[in-house]
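Asks: Contents are compact mmCIF, C-alpha atoms; file name data34.txt:
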# COMPACT_ATOMS: atom_id res chain seq x y z
CA MET U 836 4.66 19.84 -46.28
CA SER U 837 5.63 18.60 -42.86
CA ARG U 838 6.22 15.01 -41.83
CA THR U 839 6.76 13.44 -38.44
CA SER U 840 10.34 12.64 -39.46
CA PRO U 841 12.52 14.00 -42.27
CA HIS U 842 13.42 10.37 -43.08
CA PHE U 843 9.84 9.06 -43.27
CA GLU U 844 9.24 9.73 -46.94
CA VAL U 845 12.34 7.91 -48.10
CA SER U 846 11.75 4.85 -45.93
CA ARG U 847 8.06 4.49 -46.76
CA ARG U 848 8.52 5.00 -50.48
CA GLY U 849 11.51 2.70 -50.56
CA LEU U 850 9.43 -0.02 -49.00
CA LEU U 851 6.59 0.58 -51.42
CA LYS U 852 8.91 0.20 -54.38
CA THR U 853 10.65 -2.93 -53.16
CA ALA U 854 7.62 -4.77 -51.80
CA GLY U 855 4.67 -3.56 -53.80
CA GLY U 856 3.35 -1.76 -50.74
CA LEU U 857 2.86 -4.92 -48.66
CA THR U 858 5.92 -4.63 -46.40
CA ALA U 859 5.35 -0.91 -46.14
CA ALA U 860 1.81 -1.46 -44.97
CA LEU U 861 2.95 -3.74 -42.19
CA ALA U 862 5.83 -1.56 -41.10
CA LEU U 863 4.14 1.80 -41.40
CA GLY U 864 0.43 1.09 -41.30
CA THR U 865 -0.09 2.94 -38.05
CA ALA U 866 1.43 6.16 -39.35
CA SER U 867 -0.10 9.33 -37.99
CA ALA U 868 -2.14 11.87 -39.93
CA SER U 869 0.83 14.15 -40.48
CA THR U 870 2.54 11.65 -42.79
CA ALA U 871 0.65 12.79 -45.90
CA GLY U 872 3.08 14.87 -47.93
CA ALA U 873 4.35 16.21 -51.22
CA ALA U 874 4.67 14.41 -54.52
CA PRO U 875 7.42 11.79 -54.72
CA ALA U 876 10.61 12.68 -56.54
CA THR U 877 10.00 9.59 -58.67
CA PHE U 878 6.51 8.20 -59.14
CA THR U 879 5.81 4.50 -58.61
CA HIS U 880 4.23 2.68 -61.58
CA PRO U 881 1.79 1.08 -61.61
CA GLY U 882 0.77 3.28 -58.72
CA MET U 883 -2.88 4.25 -58.75
CA LEU U 884 -5.57 1.88 -57.51
CA HIS U 885 -3.18 -1.07 -57.89
CA ASN U 886 0.52 -1.64 -57.41
CA TRP U 887 2.57 -4.67 -58.46
CA GLY U 888 1.97 -6.27 -55.09
CA ASP U 889 -1.80 -6.17 -55.60
CA ILE U 890 -1.49 -7.56 -59.11
CA ASN U 891 0.93 -10.35 -58.18
CA ARG U 892 -1.16 -11.41 -55.18
CA ALA U 893 -4.32 -11.66 -57.28
CA ARG U 894 -2.45 -13.57 -60.00
CA VAL U 895 -1.02 -16.12 -57.57
CA ARG U 896 -4.22 -16.57 -55.57
CA VAL U 897 -6.43 -16.99 -58.63
CA ALA U 898 -4.01 -19.47 -60.17
CA ALA U 899 -4.12 -21.46 -56.92
CA GLY U 900 -7.93 -21.41 -56.89
CA ASN U 901 -8.08 -19.60 -53.54
CA ASP U 902 -11.12 -17.68 -52.37
CA PRO U 903 -12.15 -14.91 -52.13
CA TRP U 904 -9.85 -14.04 -55.04
CA LEU U 905 -11.27 -16.76 -57.27
CA SER U 906 -14.83 -15.59 -56.62
CA GLY U 907 -13.76 -12.06 -57.53
CA TRP U 908 -12.06 -13.35 -60.68
CA ASN U 909 -15.19 -15.23 -61.68
CA ARG U 910 -17.22 -12.01 -61.39
CA LEU U 911 -14.69 -10.29 -63.63
CA THR U 912 -14.61 -12.95 -66.31
CA ALA U 913 -18.41 -13.21 -66.37
CA ASN U 914 -18.79 -9.50 -67.09
CA SER U 915 -19.45 -8.67 -70.76
CA HIS U 916 -17.12 -5.66 -70.47
CA SER U 917 -14.14 -7.91 -69.74
CA GLN U 918 -14.37 -9.84 -73.01
CA SER U 919 -11.54 -9.34 -75.49
CA THR U 920 -14.11 -8.98 -78.27
CA TRP U 921 -15.33 -5.63 -76.89
CA THR U 922 -15.51 -3.02 -79.66
CA PRO U 923 -14.79 0.59 -78.67
CA ASN U 924 -17.06 3.41 -79.80
CA PRO U 925 -14.95 6.58 -79.46
CA GLN U 926 -16.59 9.99 -79.75
CA ALA U 927 -15.04 13.36 -80.55
CA THR U 928 -17.41 15.05 -78.11
CA VAL U 929 -18.79 13.57 -74.89
CA ILE U 930 -21.87 15.28 -73.45
CA ARG U 931 -23.19 14.86 -69.92
CA GLY U 932 -26.14 17.05 -68.97
CA GLY U 933 -28.44 18.90 -71.37
CA THR U 934 -29.18 18.08 -74.98
CA GLY U 935 -27.50 15.22 -76.79
CA GLN U 936 -26.18 13.26 -73.84
CA ASN U 937 -23.93 10.39 -74.91
CA TYR U 938 -21.63 9.90 -71.93
CA GLY U 939 -22.81 6.33 -71.38
CA ILE U 940 -20.66 5.36 -74.36
CA LEU U 941 -17.59 6.61 -72.52
CA TYR U 942 -18.21 4.95 -69.17
CA ASN U 943 -18.93 1.62 -70.83
CA ASP U 944 -15.69 1.76 -72.80
CA ILE U 945 -13.71 2.75 -69.71
CA ALA U 946 -15.10 -0.21 -67.78
CA ALA U 947 -14.13 -2.46 -70.68
CA ALA U 948 -10.59 -1.08 -70.88
CA TYR U 949 -10.06 -1.50 -67.14
CA GLN U 950 -11.52 -4.98 -66.95
CA ASN U 951 -9.56 -6.21 -69.95
CA ALA U 952 -6.40 -4.76 -68.44
CA LEU U 953 -7.05 -6.71 -65.24
CA ARG U 954 -7.65 -9.93 -67.15
CA TRP U 955 -4.34 -9.47 -68.94
CA HIS U 956 -2.37 -8.80 -65.78
CA ILE U 957 -3.94 -11.62 -63.78
CA GLY U 958 -4.71 -14.21 -66.44
CA GLY U 959 -1.89 -13.40 -68.85
CA THR U 960 -4.15 -13.33 -71.90
CA GLU U 961 -2.69 -11.30 -74.73
CA ALA U 962 -6.09 -10.85 -76.38
CA ASN U 963 -7.31 -8.88 -73.36
CA ALA U 964 -4.23 -6.64 -73.45
CA ALA U 965 -4.79 -5.94 -77.12
CA CYS U 966 -8.44 -5.12 -76.44
CA ALA U 967 -7.63 -2.70 -73.61
CA ALA U 968 -5.02 -0.95 -75.74
CA ARG U 969 -7.41 -0.78 -78.68
CA ILE U 970 -10.04 0.98 -76.53
CA LEU U 971 -7.59 3.46 -75.02
CA ASN U 972 -5.95 4.24 -78.37
CA ALA U 973 -9.30 4.73 -80.08
CA TRP U 974 -10.37 7.34 -77.57
CA SER U 975 -7.05 9.18 -77.42
CA SER U 976 -7.11 9.56 -81.20
CA THR U 977 -10.71 10.82 -81.25
CA LEU U 978 -11.86 12.64 -78.10
CA THR U 979 -11.40 16.40 -78.08
CA THR U 980 -14.20 17.74 -75.86
CA VAL U 981 -16.15 16.92 -72.71
CA THR U 982 -19.13 19.24 -72.40
CA GLY U 983 -22.78 19.62 -71.33
CA ASN U 984 -24.39 21.56 -68.50
CA ALA U 985 -22.81 21.63 -65.03
CA ASP U 986 -22.72 17.85 -65.15
CA ARG U 987 -19.78 18.12 -67.54
CA PHE U 988 -17.64 18.54 -64.43
CA LEU U 989 -18.88 15.22 -63.08
CA ALA U 990 -18.00 13.56 -66.39
CA ALA U 991 -14.52 15.09 -66.46
CA GLY U 992 -13.95 14.05 -62.85
CA ILE U 993 -15.36 10.53 -62.62
CA TYR U 994 -14.33 9.36 -66.06
CA GLY U 995 -11.03 11.22 -65.81
CA TRP U 996 -9.71 9.25 -62.85
CA GLU U 997 -11.18 5.99 -64.10
CA PHE U 998 -9.71 6.41 -67.58
CA ALA U 999 -6.29 7.25 -66.15
CA ASN U 1000 -6.41 4.10 -64.02
CA ALA U 1001 -7.05 1.90 -67.03
CA ALA U 1002 -4.15 3.57 -68.84
CA GLU U 1003 -1.84 3.15 -65.85
CA LEU U 1004 -2.32 -0.61 -66.03
CA MET U 1005 -1.42 -0.57 -69.73
CA ARG U 1006 1.43 1.95 -69.67
CA ASP U 1007 4.16 -0.61 -70.47
CA TYR U 1008 2.25 -2.49 -73.15
CA ASP U 1009 3.88 -2.06 -76.56
CA GLY U 1010 0.58 -1.64 -78.39
CA PHE U 1011 -0.58 1.25 -76.22
CA ASP U 1012 0.19 4.86 -77.20
CA LEU U 1013 0.85 6.23 -73.73
CA ALA U 1014 2.09 9.64 -74.88
CA ARG U 1015 -1.02 10.37 -76.91
CA PHE U 1016 -3.27 9.22 -74.06
CA GLN U 1017 -1.39 11.42 -71.59
CA GLN U 1018 -1.91 14.36 -73.92
CA MET U 1019 -5.65 13.70 -74.06
CA MET U 1020 -5.90 13.61 -70.27
CA VAL U 1021 -3.98 16.86 -69.89
CA ASN U 1022 -5.78 18.70 -72.70
CA VAL U 1023 -9.36 17.40 -72.36
CA PHE U 1024 -9.91 16.35 -68.74
CA TYR U 1025 -7.54 18.37 -66.58
CA PRO U 1026 -8.75 21.84 -67.65
CA LEU U 1027 -12.29 21.01 -66.52
CA ASN U 1028 -11.05 19.39 -63.31
CA ASN U 1029 -8.98 22.46 -62.50
CA GLN U 1030 -11.72 24.87 -63.53
CA PHE U 1031 -14.16 23.23 -61.16
CA LEU U 1032 -11.91 23.14 -58.13
CA THR U 1033 -10.82 26.75 -58.60
CA GLY U 1034 -14.15 28.29 -59.70
CA HIS U 1035 -16.97 25.85 -58.78
CA ASN U 1036 -18.96 26.86 -61.85
CA ASP U 1037 -19.27 30.41 -60.43
CA ALA U 1038 -21.45 29.17 -57.58
CA CYS U 1039 -21.25 29.54 -53.82
CA ILE U 1040 -18.30 27.48 -52.60
CA THR U 1041 -20.60 25.13 -50.67
CA ASN U 1042 -23.23 24.78 -53.42
CA TYR U 1043 -21.86 21.56 -54.89
CA TRP U 1044 -21.94 18.28 -52.99
CA ALA U 1045 -18.74 16.60 -51.81
CA ASN U 1046 -18.70 14.15 -54.73
CA TRP U 1047 -18.26 16.96 -57.25
CA ASP U 1048 -15.02 18.04 -55.63
CA LEU U 1049 -13.89 14.49 -54.93
CA CYS U 1050 -14.14 13.18 -58.47
CA ASN U 1051 -12.24 16.18 -59.83
CA MET U 1052 -9.59 15.84 -57.12
CA ALA U 1053 -9.26 12.15 -58.00
CA SER U 1054 -8.87 12.97 -61.69
CA ILE U 1055 -6.14 15.54 -61.05
CA LEU U 1056 -4.33 13.13 -58.76
CA ALA U 1057 -4.55 10.33 -61.32
CA ILE U 1058 -3.42 12.57 -64.18
CA GLY U 1059 -0.49 13.71 -62.05
CA ILE U 1060 0.57 10.10 -61.50
CA LEU U 1061 -0.02 9.07 -65.12
CA THR U 1062 2.08 11.96 -66.43
CA ASP U 1063 4.66 12.09 -63.61
CA ASP U 1064 3.51 15.64 -62.85
CA GLY U 1065 4.25 16.51 -59.24
CA ALA U 1066 2.44 19.84 -59.37
CA LYS U 1067 -0.86 18.22 -60.30
CA TYR U 1068 -0.38 15.51 -57.69
CA ASP U 1069 0.29 18.14 -55.03
CA GLN U 1070 -2.72 20.18 -56.15
CA ALA U 1071 -5.02 17.25 -55.39
CA VAL U 1072 -3.37 16.30 -52.09
CA THR U 1073 -3.40 19.90 -50.88
CA TYR U 1074 -7.08 20.26 -51.75
CA PHE U 1075 -7.88 17.04 -49.89
CA LYS U 1076 -6.34 18.48 -46.75
CA SER U 1077 -7.37 22.13 -46.92
CA GLY U 1078 -9.53 22.88 -49.97
CA ALA U 1079 -12.35 25.41 -49.66
CA GLY U 1080 -15.05 23.20 -51.14
CA ASN U 1081 -17.03 20.28 -49.75
CA GLY U 1082 -14.59 17.63 -50.95
CA SER U 1083 -11.80 18.51 -48.54
CA ILE U 1084 -11.71 16.18 -45.59
CA GLN U 1085 -13.11 18.42 -42.85
CA HIS U 1086 -15.89 19.71 -45.10
CA ALA U 1087 -16.74 16.24 -46.39
CA VAL U 1088 -16.91 15.00 -42.79
CA PRO U 1089 -18.24 18.04 -40.89
CA PHE U 1090 -19.25 16.32 -37.62
CA LEU U 1091 -17.70 13.62 -35.48
CA HIS U 1092 -19.74 11.34 -33.22
CA THR U 1093 -19.27 8.29 -31.02
CA ASP U 1094 -21.90 5.53 -30.98
CA THR U 1095 -23.13 3.64 -27.92
CA ASP U 1096 -20.59 0.88 -28.54
CA GLY U 1097 -17.74 3.36 -28.50
CA TYR U 1098 -17.00 3.43 -32.23
CA ALA U 1099 -15.91 6.76 -33.70
CA LEU U 1100 -18.23 7.87 -36.50
CA GLY U 1101 -17.97 10.75 -38.96
CA GLN U 1102 -21.11 12.28 -40.44
CA TRP U 1103 -20.76 12.50 -44.23
CA GLN U 1104 -21.64 15.76 -45.96
CA GLU U 1105 -24.28 14.16 -48.20
CA SER U 1106 -25.90 12.01 -45.50
CA GLY U 1107 -28.98 14.24 -45.35
CA ARG U 1108 -29.32 14.08 -49.14
CA ASP U 1109 -29.51 10.34 -49.89
CA GLN U 1110 -27.50 7.20 -49.34
CA GLY U 1111 -26.71 6.48 -53.00
CA HIS U 1112 -24.57 9.60 -53.26
CA THR U 1113 -23.22 9.06 -49.75
CA VAL U 1114 -21.95 5.58 -50.61
CA MET U 1115 -20.62 7.01 -53.87
CA GLY U 1116 -18.52 9.33 -51.74
CA MET U 1117 -16.88 6.34 -50.08
CA GLY U 1118 -15.73 5.22 -53.51
CA GLN U 1119 -14.51 8.64 -54.65
CA MET U 1120 -12.58 9.47 -51.47
CA GLY U 1121 -11.41 5.89 -51.22
CA ALA U 1122 -9.91 6.11 -54.71
CA ILE U 1123 -8.03 9.27 -53.75
CA CYS U 1124 -6.66 7.67 -50.60
CA GLU U 1125 -5.63 4.45 -52.36
CA MET U 1126 -3.87 6.26 -55.20
CA ALA U 1127 -1.99 8.46 -52.74
CA TRP U 1128 -1.11 5.42 -50.62
CA ASN U 1129 0.54 3.78 -53.61
CA GLN U 1130 2.70 6.88 -54.02
CA GLY U 1131 3.72 6.86 -50.36
CA ASP U 1132 1.17 9.26 -48.84
CA ASP U 1133 -1.24 8.16 -46.12
CA LEU U 1134 -4.39 10.20 -46.66
CA TYR U 1135 -6.37 7.28 -45.25
CA SER U 1136 -5.06 8.25 -41.81
CA TYR U 1137 -5.06 12.01 -42.27
CA ASP U 1138 -6.69 14.11 -39.54
CA GLY U 1139 -7.07 11.30 -37.03
CA ARG U 1140 -8.38 8.84 -39.63
CA ARG U 1141 -11.34 11.09 -40.27
CA PHE U 1142 -12.23 9.21 -43.45
CA MET U 1143 -12.37 5.89 -41.62
CA LYS U 1144 -14.83 7.42 -39.15
CA ALA U 1145 -16.99 8.55 -42.07
CA ALA U 1146 -16.90 5.10 -43.68
CA GLN U 1147 -17.91 3.51 -40.38
CA TYR U 1148 -20.83 5.96 -40.12
CA VAL U 1149 -22.03 5.35 -43.67
CA ALA U 1150 -21.65 1.60 -43.38
CA LYS U 1151 -23.48 1.38 -40.07
CA TYR U 1152 -26.47 3.33 -41.33
CA ASN U 1153 -26.66 1.43 -44.59
CA LEU U 1154 -26.54 -1.86 -42.69
CA GLY U 1155 -29.80 -0.80 -41.07
CA SER U 1156 -28.64 0.65 -37.73
CA ASP U 1157 -29.25 4.12 -36.35
CA VAL U 1158 -26.50 6.74 -36.28
CA PRO U 1159 -26.31 10.20 -34.69
CA PHE U 1160 -27.02 13.19 -36.92
CA SER U 1161 -26.20 16.86 -36.42
CA THR U 1162 -28.06 19.55 -38.37
CA TYR U 1163 -26.04 20.40 -41.44
CA THR U 1164 -26.41 23.90 -42.95
CA TRP U 1165 -24.81 25.12 -46.16
CA GLY U 1166 -24.98 27.92 -48.73
CA THR U 1167 -26.50 27.33 -52.17
CA GLY U 1168 -26.66 28.98 -55.58
CA GLN U 1169 -24.62 32.06 -56.36
CA ASN U 1170 -25.75 34.07 -53.32
CA CYS U 1171 -25.15 31.30 -50.75
CA ALA U 1172 -28.80 31.08 -49.69
CA GLN U 1173 -28.89 28.80 -46.68
CA GLN U 1174 -30.43 25.34 -46.58
CA SER U 1175 -30.32 22.74 -43.84
CA HIS U 1176 -30.62 19.01 -43.34
CA THR U 1177 -32.05 18.23 -39.92
CA VAL U 1178 -32.29 14.42 -40.28
CA ILE U 1179 -30.37 11.74 -42.12
CA SER U 1180 -31.95 10.64 -45.39
CA ALA U 1181 -33.19 7.07 -45.86
CA GLY U 1182 -33.27 7.54 -49.63
CA SER U 1183 -31.47 4.67 -51.40
CA ARG U 1184 -30.55 3.19 -48.02
CA GLY U 1185 -28.68 -0.07 -48.42
CA GLN U 1186 -27.74 0.57 -52.06
CA VAL U 1187 -24.96 -1.76 -53.18
CA ARG U 1188 -21.89 -0.18 -54.70
CA PRO U 1189 -18.49 -1.89 -55.03
CA VAL U 1190 -16.56 0.47 -52.76
CA TRP U 1191 -16.14 -1.40 -49.48
CA ALA U 1192 -13.41 -3.97 -50.13
CA MET U 1193 -10.83 -1.25 -50.70
CA LEU U 1194 -11.65 0.30 -47.34
CA HIS U 1195 -11.94 -2.90 -45.30
CA TYR U 1196 -8.73 -4.45 -46.55
CA HIS U 1197 -6.87 -1.22 -45.89
CA TYR U 1198 -8.07 -0.42 -42.40
CA ASN U 1199 -8.43 -3.98 -41.14
CA ARG U 1200 -5.77 -5.98 -42.99
CA ARG U 1201 -3.09 -3.35 -43.57
CA LEU U 1202 -3.54 -1.44 -40.32
CA TYR U 1203 -5.16 -4.15 -38.16
CA LEU U 1204 -7.87 -1.80 -36.94
CA ASP U 1205 -11.35 -2.73 -35.73
CA ASP U 1206 -13.51 -1.60 -38.64
CA LYS U 1207 -16.67 -3.36 -37.46
CA TYR U 1208 -19.23 -1.69 -39.72
CA ILE U 1209 -17.00 -1.38 -42.79
CA ALA U 1210 -16.17 -5.07 -42.48
CA GLN U 1211 -19.83 -6.08 -42.21
CA MET U 1212 -20.70 -4.02 -45.26
CA CYS U 1213 -17.74 -5.39 -47.20
CA PHE U 1214 -18.67 -9.01 -46.68
CA SER U 1215 -22.39 -8.38 -47.16
CA VAL U 1216 -21.76 -7.31 -50.78
CA ALA U 1217 -18.83 -9.59 -51.65
CA PRO U 1218 -17.55 -10.59 -54.11
CA GLU U 1219 -17.54 -7.18 -55.73
CA GLY U 1220 -18.27 -6.82 -59.41
CA GLY U 1221 -17.43 -3.96 -61.73
CA GLY U 1222 -19.06 -1.66 -64.26
CA GLY U 1223 -21.96 -3.54 -65.85
CA ASP U 1224 -22.79 -5.54 -62.72
CA TYR U 1225 -24.77 -2.76 -61.02
CA GLY U 1226 -27.23 -1.60 -63.64
CA SER U 1227 -26.88 0.32 -66.88
CA THR U 1228 -27.15 3.87 -65.50
CA SER U 1229 -24.22 6.03 -64.51
CA GLY U 1230 -24.35 5.12 -60.80
CA GLY U 1231 -23.23 1.61 -61.64
CA TYR U 1232 -20.10 3.02 -63.27
CA ASP U 1233 -19.10 5.64 -60.67
CA GLN U 1234 -16.44 3.24 -59.43
CA LEU U 1235 -14.29 0.64 -61.16
CA GLY U 1236 -15.06 -2.01 -58.52
CA LEU U 1237 -13.71 -5.58 -58.42
CA GLY U 1238 -12.23 -4.89 -55.01
CA THR U 1239 -12.57 -8.45 -53.70
CA LEU U 1240 -10.23 -9.65 -56.44
CA MET U 1241 -7.74 -6.80 -56.12
CA TYR U 1242 -7.66 -5.93 -52.39
CA ALA U 1243 -8.36 -9.13 -50.43
CA LYS U 1244 -5.46 -9.95 -48.12
For the structure just supplied, provide its representation as structure tokens.

Replies:
Amino acid sequence: MSRTSPHFEVSRRGLLKTAGGLTAALALGTASASTAGAAPATFTHPGMLHNWGDINRARVRVAAGNDPWLSGWNRLTANSHSQSTWTPNPQATVIRGGTGQNYGILYNDIAAAYQNALRWHIGGTEANAACAARILNAWSSTLTTVTGNADRFLAAGIYGWEFANAAELMRDYDGFDLARFQQMMVNVFYPLNNQFLTGHNDACITNYWANWDLCNMASILAIGILTDDGAKYDQAVTYFKSGAGNGSIQHAVPFLHTDTDGYALGQWQESGRDQGHTVMGMGQMGAICEMAWNQGDDLYSYDGRRFMKAAQYVAKYNLGSDVPFSTYTWGTGQNCAQQSHTVISAGSRGQVRPVWAMLHYHYNRRLYLDDKYIAQMCFSVAPEGGGGDYGSTSGGYDQLGLGTLMYAK
């Protein structure tokens, strides 16, 4: 894959490794869209949603009692999922969609593993490390199947990338069986992720909303990083840039607009559906971009920062302001029967999800860009919580959250 300079990859990745991404962000934050590239020769660890720079900054700021990090830490420690007494409930079969659904057990345990891992890294508490490892080990020794109706692909995607992120934070902990967990991700989650992106459940390529592609792309990317598998990493990055389904960047953001104040806006593919799923998309695509960033690839800026334009659009509308809308038409079912959205949907408008800190602190504090609407949304919902702070249903667990603690700069 092309780059603006044959030396760019080495310099950017070298900076990421030596400075936890912070120096690299300052030096290379204005990189053009063409800088997104192939898998690194050597993966950076931890290198998914958080690198060592993120972790060290949070640790130092919390210890010093500085806000907003301390407020984010207090949300973490108040969450029942972050307690070292959490008891895992592993299942051999996880079902999402249809008879016998039990997938809530999985997303609760993932949130607990992730939150305990954060408490260990930032607070240094061994009991939290032991708890996170206990959860991850219990599932990797038990889970063999993710199934259900079509929603099984959502489960494999969302919980795949989230699970891998929890494991990435624990990969060097002596009590964690990394090899067995890697095997579970490759054998249980990846086949469904790959099956969806290549076959789309035998439906018309545009039948499934952007989030279906995005969560499966995120899972493949995360599994690639967790297992040091460049082919999987490249599969996800390539799909982001040119995939046939609605999760690739130009399909996820089909129309570009400019508002009356001159801000570039990108209409999100699910904007005519409802705002809950639209804001969810900010979290799913944001996770992909952040994980790639920590491996040296700038998908955040790809295609003229198309994702930033989409986040500005979604934030502005969910803050209560009007945005332009172009009629969106797509094919459904197996025969691609056409449907259209002619107006933006107000359904779930203003729904709070912990997805904005990641985007604001990237575009505004790494790249020094004017992200007016993203910034307003970020601070209107800060400090961000995590799974368990946004209701008990699956929507509250579609993102790992806690961005104020981990991304504030």

Asks: Could you list, as a list in words, every residue within 8 Å of Ala1122 of chain U, counting only C-alpha atoms and ignoring same-chain residues fewer than 4 positions away?

Replies: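 So the residues in contact are Leu884, Ala1053, Gly1118 and Met1126 of chain U.
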
Asks: Convert the current residue selection to file output with C-alpha atoms, as a short mmCIF file (atom, residue, chain, number, x, y, z; two decimals), keeping the file's coordinate frame.

Replies:
data_model
loop_
_atom_site.label_atom_id
_atom_site.label_comp_id
_atom_site.auth_asym_id
_atom_site.auth_seq_id
_atom_site.Cartn_x
_atom_site.Cartn_y
_atom_site.Cartn_z
CA LEU U 884 -5.57 1.88 -57.51
CA ALA U 1053 -9.26 12.15 -58.00
CA GLY U 1118 -15.73 5.22 -53.51
CA MET U 1126 -3.87 6.26 -55.20
#

Asks: For segment 920-933 of chain U, I'd like the enclosing box, axis-aligned and padded by 8 Å on every side, reported as JSON with centre and edge lengths in Å to one decimal.

Replies:
{"center_x": -21.3, "center_y": 5.0, "center_z": -74.8, "size_x": 30.3, "size_y": 43.9, "size_z": 27.6}

Asks: If you count all atoms listed in the file, which residues fall within 10 Å of Arg1141 of chain U, apart from same-chain ones fewer than 5 positions away, as a PyMOL selection string?

Replies: chain U and resi 868+1084-1085+1087-1091+1099-1102+1134-1136+1146

Asks: Could you turn the residues from that selection into a file that holds C-alpha atoms, as a short mmCIF file (atom, residue, chain, number, x, y, z; two decimals), in the frame of the given file?

Replies:
data_model
loop_
_atom_site.label_atom_id
_atom_site.label_comp_id
_atom_site.auth_asym_id
_atom_site.auth_seq_id
_atom_site.Cartn_x
_atom_site.Cartn_y
_atom_site.Cartn_z
CA ALA U 868 -2.14 11.87 -39.93
CA ILE U 1084 -11.71 16.18 -45.59
CA GLN U 1085 -13.11 18.42 -42.85
CA ALA U 1087 -16.74 16.24 -46.39
CA VAL U 1088 -16.91 15.00 -42.79
CA PRO U 1089 -18.24 18.04 -40.89
CA PHE U 1090 -19.25 16.32 -37.62
CA LEU U 1091 -17.70 13.62 -35.48
CA ALA U 1099 -15.91 6.76 -33.70
CA LEU U 1100 -18.23 7.87 -36.50
CA GLY U 1101 -17.97 10.75 -38.96
CA GLN U 1102 -21.11 12.28 -40.44
CA LEU U 1134 -4.39 10.20 -46.66
CA TYR U 1135 -6.37 7.28 -45.25
CA SER U 1136 -5.06 8.25 -41.81
CA ALA U 1146 -16.90 5.10 -43.68
#

Asks: Can you list, as a list of chain:residue names, every protein, DNA or RNA residue that comes within 8 Å of segment 969-976 of chain U when you count all atoms listed in the file, leaving out same-chain residues fewer than 2 positions away?

Replies: U:Thr922, U:Pro923, U:Asn924, U:Pro925, U:Gln926, U:Asp944, U:Ile945, U:Ala947, U:Ala948, U:Ala965, U:Cys966, U:Ala967, U:Leu978, U:Ala1002, U:Phe1011, U:Asp1012, U:Arg1015, U:Phe1016, U:Met1019

Asks: Which is closest to Thr928 of chain U among U:Thr1095, U:Asn891, U:Thr979, U:Asn951, if we use only C-alpha atoms?

Replies: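 Ranking U:Thr1095, U:Asn891, U:Thr979, U:Asn951 by distance to Thr928 of chain U, first place goes to U:Thr979.
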
Asks: Go ahead and compute the interatomic distance for atom CA of Ile1060 of chain U and atom CA of Ala1127 of chain U, in Å to one decimal.

Replies: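 We find that atom CA of Ile1060 of chain U and atom CA of Ala1127 of chain U lie 9.3 Å from each other.
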
Asks: Compare U:Val1023, U:Leu1202, U:Val1158, U:Ala873 by their minimum atom-to-atom distance to Ala1066 of chain U, counting all atoms listed in the file, and give me the closest one.

Replies: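 Smallest distance to Ala1066 of chain U is found for U:Ala873.
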
Asks: Between atom CA of Gln936 of chain U and atom CA of Thr977 of chain U, what distance in Å does the model show, to one decimal?

Replies: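 About the pair atom CA of Gln936 of chain U and atom CA of Thr977 of chain U: they are 17.3 Å apart.
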
Asks: Which residues are close to Asn1051 of chain U, i.e. within 8 Å by all atoms listed in the file, leaving aside same-chain residues fewer than 4 positions away? Reply as number ranges by chain.

Replies: U: 988-989, 991-993, 995-996, 1028-1029, 1031-1032, 1047, 1055

Asks: Nearest to Asn1022 of chain U among U:Ser1227, U:Thr980, U:Cys1171, U:Leu941, with distances taken over all atoms listed in the file: which residue is it?

Replies: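 Ranking U:Ser1227, U:Thr980, U:Cys1171, U:Leu941 by distance to Asn1022 of chain U, first place goes to U:Thr980.
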
Asks: Would you compute the distance between atom CA of Leu1154 of chain U and atom CA of Gly907 of chain U? Give it in Å to one decimal.

Replies: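 Those two atoms sit 22.1 Å apart.
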
Asks: Using only C-alpha atoms, can you tell me which of U:Asp1094, U:Ser1077, U:Trp1103, U:His880 comes closest to Arg1006 of chain U?

Replies: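 Smallest separation from Arg1006 of chain U among the options: U:His880.
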